[in-house]
Each structure stands twice: as structure tokens, then as C-alpha cells.
Amino acid sequence: MKNRKPRVGALKPGSPSDSTVTPARAAKGPLHPYLVLAIAILLPGVGQVVNNTPQRGFLMVFSILSLGWISYHLTGPDHSFAGRYAGGILIYAISVLDAYRWGRYRWELFRRPGGPGGDIGAGPR
């Protein structure tokens with residue numbers, strides 16, 4: 001048993017892909033909600049990614065594209081741009097609001113006393 005080879009893909013302690021979180025990274029905290037909002041407005045789905053929910057961001061982008069495509073094919077050429085892509089625009093607006101809401105939630109959770117951020121922001125409000 002002494003000369004056993006390590007499994008392929010096995011992690012070594014201290015390797016870059018090790019899942020341990022350093023205390024400095026844990027204390028850094030989430031991005032400010034307004035920055036998350038700006039990112040979500042400019043890049044659909046990326047607001048969810050910076051909030052640590054990449055699956056949700058992928059789902060939002062997929063929904064924007066698919067509902068935009070469906071609403072485009074269900075309308076005629078006499079409709080406006082917003083009318084032709086109404087499904088995609090609706091999901092885009094929902095994704096922006098969702099990214100901001102979860103960004104604000106994570107920000108407040110980090111700042112509260114006794115939360116993951118400890119005493120950071122624990123002063124009087």
C-alpha cells in the first residue's frame with residue numbers, strides 16, 4: 001500500500017484548484033450593488049455571474065435569446081423593434097432587476113454585524 005500512485009485528477013493540498021478559501025478572500029466581500037446593476041445592464045446574465053450564480057446567468061441569457069426569437073417569429077413586419085423582441089426585452093428587464101436584488105441582498109448580508117463580514121460596516125446607520 002505504500003507505493004500507491006495518486007489518482008488522476010486528485011488535488012494536492014495547497015494547489016491552485018484547491019477549494020479552500022483564504023481569510024483575505026472571505027473578508028473581501030461582494031461587489032457593490034450599483035456596480036452589479038451597471039454590469040447587468042451592459043452585459044445580460046453577467047450580473048448573475050458576479051453574484052456567484054452562473055447557472056442563473058446562463059438561464060437568463062438562454063431565456064432572453066429564446067423568447068426574443070419566439071416573439072420575433074410570432075409578430076409581423078409591421079410591429080416595432082420593441083414589439084418584435086418583447087419576450088427577450090421582458091426577460092432582460094427581469095434579469096437586471098434580479099441581479100440588483102441579489103447583489104443588494106448579498107451586500108447587506110455581508111455588512112450586517114455578525115455576518116460573514118464580521119464587524120465591517122457595523123457602525124451606526
# chains A, B, ... in the order shown; residues from 1 in each chain; ligands from 1

$ residues_around --residues "Trp69 (chain A)" --least-positions-apart "6" --cutoff "9 Å" --atoms "only C-alpha atoms" --output "compact mmCIF listing (two decimals) with C-alpha atoms, in the first residue's frame"
# COMPACT_ATOMS: atom_id res chain seq x y z
CA ARG A 84 -40.91 42.12 -32.23
CA TYR A 85 -38.49 41.27 -29.42
CA GLY A 87 -40.22 38.39 -24.91
CA GLY A 88 -36.47 38.92 -24.84

$ atom_distance --atom1 "CA of Val36 (chain A)" --atom2 "CA of Asn51 (chain A)"
7.8 Å

$ closest_atom_pairs --of "region 53-116 of chain A" --to "region 37-48 of chain A" --cutoff "6 Å" --atoms "only C-alpha atoms" --output "Markdown table"
| residue | atom | partner | partner_atom | distance |
| --- | --- | --- | --- | --- |
| A:Thr53 | CA | A:Gln48 | CA | 5.3 |
| A:Gly57 | CA | A:Gly45 | CA | 4.1 |
| A:Met60 | CA | A:Gly45 | CA | 5.8 |
| A:Val61 | CA | A:Gly45 | CA | 5.6 |
| A:Val96 | CA | A:Ala40 | CA | 5.3 |
| A:Ala99 | CA | A:Gly47 | CA | 5.1 |
| A:Tyr100 | CA | A:Leu37 | CA | 5.1 |

$ residues_around --residues "Leu31 (chain A)" --least-positions-apart "5" --cutoff "10 Å" --atoms "only C-alpha atoms" --output "PyMOL selection string"
chain A and resi 36+50-51+103-104+106-107

$ atom_distance --atom1 "CA of Asp98 (chain A)" --atom2 "CA of Pro113 (chain A)"
24.9 Å

$ select_by_dssp --residues "region 10-116 of chain A" --states "helix (DSSP H, G or I)" --output "PDB file with N, CA and C atoms, in the first residue's frame"
ATOM      1  N   PRO A  23      -8.675  33.517   4.323  1.00  0.00           N
ATOM      2  CA  PRO A  23      -9.394  34.531   5.101  1.00  0.00           C
ATOM      3  C   PRO A  23      -9.437  35.886   4.409  1.00  0.00           C
ATOM      4  N   ALA A  24      -8.390  36.249   3.662  1.00  0.00           N
ATOM      5  CA  ALA A  24      -8.390  37.538   2.967  1.00  0.00           C
ATOM      6  C   ALA A  24      -9.473  37.562   1.909  1.00  0.00           C
ATOM      7  N   ARG A  25      -9.685  36.467   1.212  1.00  0.00           N
ATOM      8  CA  ARG A  25     -10.723  36.416   0.176  1.00  0.00           C
ATOM      9  C   ARG A  25     -12.104  36.431   0.812  1.00  0.00           C
ATOM     10  N   ALA A  26     -12.268  35.753   1.937  1.00  0.00           N
ATOM     11  CA  ALA A  26     -13.566  35.730   2.605  1.00  0.00           C
ATOM     12  C   ALA A  26     -13.934  37.111   3.119  1.00  0.00           C
ATOM     13  N   ALA A  27     -12.964  37.891   3.556  1.00  0.00           N
ATOM     14  CA  ALA A  27     -13.247  39.217   4.102  1.00  0.00           C
ATOM     15  C   ALA A  27     -13.431  40.259   3.008  1.00  0.00           C
ATOM     16  N   LYS A  28     -13.105  39.933   1.769  1.00  0.00           N
ATOM     17  CA  LYS A  28     -13.219  40.905   0.690  1.00  0.00           C
ATOM     18  C   LYS A  28     -14.667  41.277   0.432  1.00  0.00           C
ATOM     19  N   PRO A  33     -23.802  46.809  -4.947  1.00  0.00           N
ATOM     20  CA  PRO A  33     -24.991  46.529  -5.754  1.00  0.00           C
ATOM     21  C   PRO A  33     -25.126  47.427  -6.987  1.00  0.00           C
ATOM     22  N   TYR A  34     -24.676  48.681  -6.888  1.00  0.00           N
ATOM     23  CA  TYR A  34     -24.775  49.554  -8.057  1.00  0.00           C
ATOM     24  C   TYR A  34     -23.816  49.127  -9.156  1.00  0.00           C
ATOM     25  N   LEU A  35     -22.674  48.583  -8.777  1.00  0.00           N
ATOM     26  CA  LEU A  35     -21.746  48.046  -9.774  1.00  0.00           C
ATOM     27  C   LEU A  35     -22.334  46.799 -10.419  1.00  0.00           C
ATOM     28  N   VAL A  36     -22.967  45.963  -9.632  1.00  0.00           N
ATOM     29  CA  VAL A  36     -23.645  44.782 -10.176  1.00  0.00           C
ATOM     30  C   VAL A  36     -24.756  45.213 -11.127  1.00  0.00           C
ATOM     31  N   LEU A  37     -25.492  46.258 -10.772  1.00  0.00           N
ATOM     32  CA  LEU A  37     -26.557  46.778 -11.630  1.00  0.00           C
ATOM     33  C   LEU A  37     -26.001  47.266 -12.960  1.00  0.00           C
ATOM     34  N   ALA A  38     -24.897  48.009 -12.914  1.00  0.00           N
ATOM     35  CA  ALA A  38     -24.299  48.514 -14.154  1.00  0.00           C
ATOM     36  C   ALA A  38     -23.810  47.363 -15.034  1.00  0.00           C
ATOM     37  N   ILE A  39     -23.210  46.360 -14.428  1.00  0.00           N
ATOM     38  CA  ILE A  39     -22.748  45.199 -15.190  1.00  0.00           C
ATOM     39  C   ILE A  39     -23.935  44.472 -15.812  1.00  0.00           C
ATOM     40  N   ALA A  40     -25.018  44.314 -15.051  1.00  0.00           N
ATOM     41  CA  ALA A  40     -26.195  43.603 -15.551  1.00  0.00           C
ATOM     42  C   ALA A  40     -26.871  44.363 -16.692  1.00  0.00           C
ATOM     43  N   ILE A  41     -26.839  45.688 -16.643  1.00  0.00           N
ATOM     44  CA  ILE A  41     -27.442  46.476 -17.722  1.00  0.00           C
ATOM     45  C   ILE A  41     -26.618  46.342 -18.997  1.00  0.00           C
ATOM     46  N   LEU A  42     -25.302  46.396 -18.864  1.00  0.00           N
ATOM     47  CA  LEU A  42     -24.441  46.348 -20.043  1.00  0.00           C
ATOM     48  C   LEU A  42     -24.269  44.948 -20.610  1.00  0.00           C
ATOM     49  N   VAL A  46     -24.410  38.525 -16.920  1.00  0.00           N
ATOM     50  CA  VAL A  46     -23.146  38.623 -16.196  1.00  0.00           C
ATOM     51  C   VAL A  46     -23.375  39.164 -14.781  1.00  0.00           C
ATOM     52  N   GLY A  47     -24.447  39.895 -14.570  1.00  0.00           N
ATOM     53  CA  GLY A  47     -24.782  40.341 -13.220  1.00  0.00           C
ATOM     54  C   GLY A  47     -25.011  39.166 -12.283  1.00  0.00           C
ATOM     55  N   GLN A  48     -25.627  38.112 -12.802  1.00  0.00           N
ATOM     56  CA  GLN A  48     -25.821  36.913 -12.006  1.00  0.00           C
ATOM     57  C   GLN A  48     -24.494  36.201 -11.769  1.00  0.00           C
ATOM     58  N   VAL A  49     -23.613  36.241 -12.747  1.00  0.00           N
ATOM     59  CA  VAL A  49     -22.310  35.582 -12.596  1.00  0.00           C
ATOM     60  C   VAL A  49     -21.489  36.255 -11.502  1.00  0.00           C
ATOM     61  N   VAL A  50     -21.476  37.590 -11.460  1.00  0.00           N
ATOM     62  CA  VAL A  50     -20.712  38.272 -10.412  1.00  0.00           C
ATOM     63  C   VAL A  50     -21.370  38.111  -9.040  1.00  0.00           C
ATOM     64  N   PRO A  54     -23.698  31.479 -11.622  1.00  0.00           N
ATOM     65  CA  PRO A  54     -23.510  31.406 -13.074  1.00  0.00           C
ATOM     66  C   PRO A  54     -24.590  30.602 -13.789  1.00  0.00           C
ATOM     67  N   GLN A  55     -25.167  29.592 -13.131  1.00  0.00           N
ATOM     68  CA  GLN A  55     -26.232  28.828 -13.773  1.00  0.00           C
ATOM     69  C   GLN A  55     -27.439  29.722 -14.028  1.00  0.00           C
ATOM     70  N   ARG A  56     -27.720  30.592 -13.083  1.00  0.00           N
ATOM     71  CA  ARG A  56     -28.836  31.513 -13.230  1.00  0.00           C
ATOM     72  C   ARG A  56     -28.571  32.501 -14.367  1.00  0.00           C
ATOM     73  N   GLY A  57     -27.320  32.960 -14.489  1.00  0.00           N
ATOM     74  CA  GLY A  57     -26.961  33.858 -15.582  1.00  0.00           C
ATOM     75  C   GLY A  57     -27.109  33.187 -16.935  1.00  0.00           C
ATOM     76  N   PHE A  58     -26.679  31.919 -17.031  1.00  0.00           N
ATOM     77  CA  PHE A  58     -26.840  31.180 -18.275  1.00  0.00           C
ATOM     78  C   PHE A  58     -28.318  31.004 -18.610  1.00  0.00           C
ATOM     79  N   LEU A  59     -29.133  30.706 -17.605  1.00  0.00           N
ATOM     80  CA  LEU A  59     -30.560  30.550 -17.817  1.00  0.00           C
ATOM     81  C   LEU A  59     -31.188  31.852 -18.314  1.00  0.00           C
ATOM     82  N   MET A  60     -30.765  32.983 -17.745  1.00  0.00           N
ATOM     83  CA  MET A  60     -31.297  34.276 -18.176  1.00  0.00           C
ATOM     84  C   MET A  60     -30.941  34.563 -19.639  1.00  0.00           C
ATOM     85  N   VAL A  61     -29.688  34.344 -20.001  1.00  0.00           N
ATOM     86  CA  VAL A  61     -29.268  34.599 -21.380  1.00  0.00           C
ATOM     87  C   VAL A  61     -30.010  33.673 -22.340  1.00  0.00           C
ATOM     88  N   PHE A  62     -30.126  32.399 -21.975  1.00  0.00           N
ATOM     89  CA  PHE A  62     -30.854  31.455 -22.816  1.00  0.00           C
ATOM     90  C   PHE A  62     -32.312  31.878 -22.962  1.00  0.00           C
ATOM     91  N   SER A  63     -32.938  32.330 -21.879  1.00  0.00           N
ATOM     92  CA  SER A  63     -34.335  32.757 -21.929  1.00  0.00           C
ATOM     93  C   SER A  63     -34.502  34.027 -22.763  1.00  0.00           C
ATOM     94  N   ILE A  64     -33.565  34.955 -22.632  1.00  0.00           N
ATOM     95  CA  ILE A  64     -33.624  36.184 -23.428  1.00  0.00           C
ATOM     96  C   ILE A  64     -33.576  35.843 -24.913  1.00  0.00           C
ATOM     97  N   LEU A  65     -32.629  35.001 -25.291  1.00  0.00           N
ATOM     98  CA  LEU A  65     -32.478  34.655 -26.704  1.00  0.00           C
ATOM     99  C   LEU A  65     -33.659  33.848 -27.224  1.00  0.00           C
ATOM    100  N   SER A  66     -34.099  32.864 -26.450  1.00  0.00           N
ATOM    101  CA  SER A  66     -35.182  32.014 -26.948  1.00  0.00           C
ATOM    102  C   SER A  66     -36.512  32.761 -27.009  1.00  0.00           C
ATOM    103  N   LEU A  67     -36.857  33.534 -25.989  1.00  0.00           N
ATOM    104  CA  LEU A  67     -38.116  34.271 -26.032  1.00  0.00           C
ATOM    105  C   LEU A  67     -38.065  35.429 -27.027  1.00  0.00           C
ATOM    106  N   GLY A  68     -36.889  36.022 -27.216  1.00  0.00           N
ATOM    107  CA  GLY A  68     -36.748  37.023 -28.272  1.00  0.00           C
ATOM    108  C   GLY A  68     -36.972  36.411 -29.640  1.00  0.00           C
ATOM    109  N   TRP A  69     -36.430  35.221 -29.851  1.00  0.00           N
ATOM    110  CA  TRP A  69     -36.601  34.530 -31.127  1.00  0.00           C
ATOM    111  C   TRP A  69     -38.067  34.140 -31.343  1.00  0.00           C
ATOM    112  N   ILE A  70     -38.711  33.628 -30.293  1.00  0.00           N
ATOM    113  CA  ILE A  70     -40.123  33.228 -30.401  1.00  0.00           C
ATOM    114  C   ILE A  70     -41.006  34.428 -30.684  1.00  0.00           C
ATOM    115  N   SER A  71     -40.817  35.507 -29.944  1.00  0.00           N
ATOM    116  CA  SER A  71     -41.670  36.681 -30.166  1.00  0.00           C
ATOM    117  C   SER A  71     -41.386  37.322 -31.526  1.00  0.00           C
ATOM    118  N   TYR A  72     -40.167  37.224 -32.018  1.00  0.00           N
ATOM    119  CA  TYR A  72     -39.853  37.741 -33.358  1.00  0.00           C
ATOM    120  C   TYR A  72     -40.640  36.979 -34.421  1.00  0.00           C
ATOM    121  N   HIS A  73     -40.705  35.668 -34.269  1.00  0.00           N
ATOM    122  CA  HIS A  73     -41.390  34.853 -35.268  1.00  0.00           C
ATOM    123  C   HIS A  73     -42.905  34.850 -35.108  1.00  0.00           C
ATOM    124  N   LEU A  74     -43.412  35.288 -33.968  1.00  0.00           N
ATOM    125  CA  LEU A  74     -44.858  35.358 -33.781  1.00  0.00           C
ATOM    126  C   LEU A  74     -45.444  36.707 -34.201  1.00  0.00           C
ATOM    127  N   PHE A  81     -39.580  47.501 -33.182  1.00  0.00           N
ATOM    128  CA  PHE A  81     -38.480  46.679 -32.685  1.00  0.00           C
ATOM    129  C   PHE A  81     -38.811  46.106 -31.313  1.00  0.00           C
ATOM    130  N   ALA A  82     -39.345  46.963 -30.433  1.00  0.00           N
ATOM    131  CA  ALA A  82     -39.694  46.501 -29.082  1.00  0.00           C
ATOM    132  C   ALA A  82     -40.816  45.477 -29.131  1.00  0.00           C
ATOM    133  N   GLY A  83     -41.729  45.620 -30.047  1.00  0.00           N
ATOM    134  CA  GLY A  83     -42.816  44.661 -30.184  1.00  0.00           C
ATOM    135  C   GLY A  83     -42.345  43.330 -30.722  1.00  0.00           C
ATOM    136  N   ARG A  84     -41.390  43.356 -31.624  1.00  0.00           N
ATOM    137  CA  ARG A  84     -40.908  42.116 -32.227  1.00  0.00           C
ATOM    138  C   ARG A  84     -40.060  41.310 -31.247  1.00  0.00           C
ATOM    139  N   ALA A  86     -40.300  41.518 -27.814  1.00  0.00           N
ATOM    140  CA  ALA A  86     -40.897  41.785 -26.499  1.00  0.00           C
ATOM    141  C   ALA A  86     -40.550  40.712 -25.472  1.00  0.00           C
ATOM    142  N   GLY A  87     -40.547  39.464 -25.857  1.00  0.00           N
ATOM    143  CA  GLY A  87     -40.225  38.389 -24.914  1.00  0.00           C
ATOM    144  C   GLY A  87     -38.813  38.510 -24.376  1.00  0.00           C
ATOM    145  N   GLY A  88     -37.857  38.772 -25.259  1.00  0.00           N
ATOM    146  CA  GLY A  88     -36.468  38.923 -24.840  1.00  0.00           C
ATOM    147  C   GLY A  88     -36.254  40.167 -23.995  1.00  0.00           C
ATOM    148  N   ILE A  89     -36.927  41.257 -24.357  1.00  0.00           N
ATOM    149  CA  ILE A  89     -36.795  42.501 -23.592  1.00  0.00           C
ATOM    150  C   ILE A  89     -37.375  42.332 -22.189  1.00  0.00           C
ATOM    151  N   LEU A  90     -38.483  41.604 -22.075  1.00  0.00           N
ATOM    152  CA  LEU A  90     -39.085  41.354 -20.765  1.00  0.00           C
ATOM    153  C   LEU A  90     -38.128  40.567 -19.866  1.00  0.00           C
ATOM    154  N   ILE A  91     -37.540  39.511 -20.389  1.00  0.00           N
ATOM    155  CA  ILE A  91     -36.620  38.701 -19.580  1.00  0.00           C
ATOM    156  C   ILE A  91     -35.345  39.486 -19.272  1.00  0.00           C
ATOM    157  N   TYR A  92     -34.896  40.342 -20.201  1.00  0.00           N
ATOM    158  CA  TYR A  92     -33.738  41.197 -19.946  1.00  0.00           C
ATOM    159  C   TYR A  92     -34.013  42.104 -18.746  1.00  0.00           C
ATOM    160  N   ALA A  93     -35.190  42.719 -18.714  1.00  0.00           N
ATOM    161  CA  ALA A  93     -35.543  43.604 -17.594  1.00  0.00           C
ATOM    162  C   ALA A  93     -35.603  42.814 -16.284  1.00  0.00           C
ATOM    163  N   ILE A  94     -36.159  41.608 -16.337  1.00  0.00           N
ATOM    164  CA  ILE A  94     -36.224  40.771 -15.142  1.00  0.00           C
ATOM    165  C   ILE A  94     -34.818  40.389 -14.677  1.00  0.00           C
ATOM    166  N   SER A  95     -33.921  40.099 -15.627  1.00  0.00           N
ATOM    167  CA  SER A  95     -32.560  39.697 -15.236  1.00  0.00           C
ATOM    168  C   SER A  95     -31.796  40.858 -14.593  1.00  0.00           C
ATOM    169  N   VAL A  96     -32.026  42.079 -15.073  1.00  0.00           N
ATOM    170  CA  VAL A  96     -31.371  43.246 -14.468  1.00  0.00           C
ATOM    171  C   VAL A  96     -31.876  43.446 -13.038  1.00  0.00           C
ATOM    172  N   LEU A  97     -33.186  43.376 -12.859  1.00  0.00           N
ATOM    173  CA  LEU A  97     -33.752  43.539 -11.514  1.00  0.00           C
ATOM    174  C   LEU A  97     -33.309  42.412 -10.584  1.00  0.00           C
ATOM    175  N   ASP A  98     -33.244  41.201 -11.112  1.00  0.00           N
ATOM    176  CA  ASP A  98     -32.815  40.052 -10.311  1.00  0.00           C
ATOM    177  C   ASP A  98     -31.360  40.205  -9.860  1.00  0.00           C
ATOM    178  N   ALA A  99     -30.490  40.614 -10.771  1.00  0.00           N
ATOM    179  CA  ALA A  99     -29.075  40.785 -10.420  1.00  0.00           C
ATOM    180  C   ALA A  99     -28.914  41.868  -9.348  1.00  0.00           C
ATOM    181  N   TYR A 100     -29.642  42.976  -9.489  1.00  0.00           N
ATOM    182  CA  TYR A 100     -29.539  44.033  -8.490  1.00  0.00           C
ATOM    183  C   TYR A 100     -30.084  43.565  -7.137  1.00  0.00           C
ATOM    184  N   ARG A 101     -31.224  42.884  -7.155  1.00  0.00           N
ATOM    185  CA  ARG A 101     -31.829  42.441  -5.893  1.00  0.00           C
ATOM    186  C   ARG A 101     -30.912  41.491  -5.135  1.00  0.00           C
ATOM    187  N   TRP A 102     -30.333  40.512  -5.829  1.00  0.00           N
ATOM    188  CA  TRP A 102     -29.437  39.573  -5.162  1.00  0.00           C
ATOM    189  C   TRP A 102     -28.114  40.236  -4.800  1.00  0.00           C
ATOM    190  N   GLY A 103     -27.672  41.208  -5.594  1.00  0.00           N
ATOM    191  CA  GLY A 103     -26.472  41.961  -5.233  1.00  0.00           C
ATOM    192  C   GLY A 103     -26.682  42.764  -3.965  1.00  0.00           C
ATOM    193  N   ARG A 104     -27.856  43.392  -3.845  1.00  0.00           N
ATOM    194  CA  ARG A 104     -28.189  44.161  -2.633  1.00  0.00           C
ATOM    195  C   ARG A 104     -28.318  43.235  -1.431  1.00  0.00           C
ATOM    196  N   TYR A 105     -28.935  42.070  -1.628  1.00  0.00           N
ATOM    197  CA  TYR A 105     -29.094  41.107  -0.534  1.00  0.00           C
ATOM    198  C   TYR A 105     -27.733  40.635  -0.036  1.00  0.00           C
ATOM    199  N   ARG A 106     -26.845  40.257  -0.943  1.00  0.00           N
ATOM    200  CA  ARG A 106     -25.519  39.789  -0.548  1.00  0.00           C
ATOM    201  C   ARG A 106     -24.726  40.908   0.123  1.00  0.00           C
ATOM    202  N   TRP A 107     -24.865  42.133  -0.365  1.00  0.00           N
ATOM    203  CA  TRP A 107     -24.163  43.283   0.208  1.00  0.00           C
ATOM    204  C   TRP A 107     -24.617  43.523   1.649  1.00  0.00           C
ATOM    205  N   GLU A 108     -25.936  43.521   1.864  1.00  0.00           N
ATOM    206  CA  GLU A 108     -26.455  43.756   3.211  1.00  0.00           C
ATOM    207  C   GLU A 108     -26.131  42.593   4.149  1.00  0.00           C
ATOM    208  N   LEU A 109     -26.172  41.382   3.651  1.00  0.00           N
ATOM    209  CA  LEU A 109     -25.826  40.220   4.465  1.00  0.00           C
ATOM    210  C   LEU A 109     -24.369  40.281   4.893  1.00  0.00           C
ATOM    211  N   PHE A 110     -23.499  40.728   4.015  1.00  0.00           N
ATOM    212  CA  PHE A 110     -22.086  40.826   4.335  1.00  0.00           C
ATOM    213  C   PHE A 110     -21.820  41.932   5.347  1.00  0.00           C
ATOM    214  N   ARG A 111     -22.553  43.029   5.234  1.00  0.00           N
ATOM    215  CA  ARG A 111     -22.303  44.190   6.089  1.00  0.00           C
ATOM    216  C   ARG A 111     -22.907  44.089   7.481  1.00  0.00           C
TER     217      ARG A 111
END
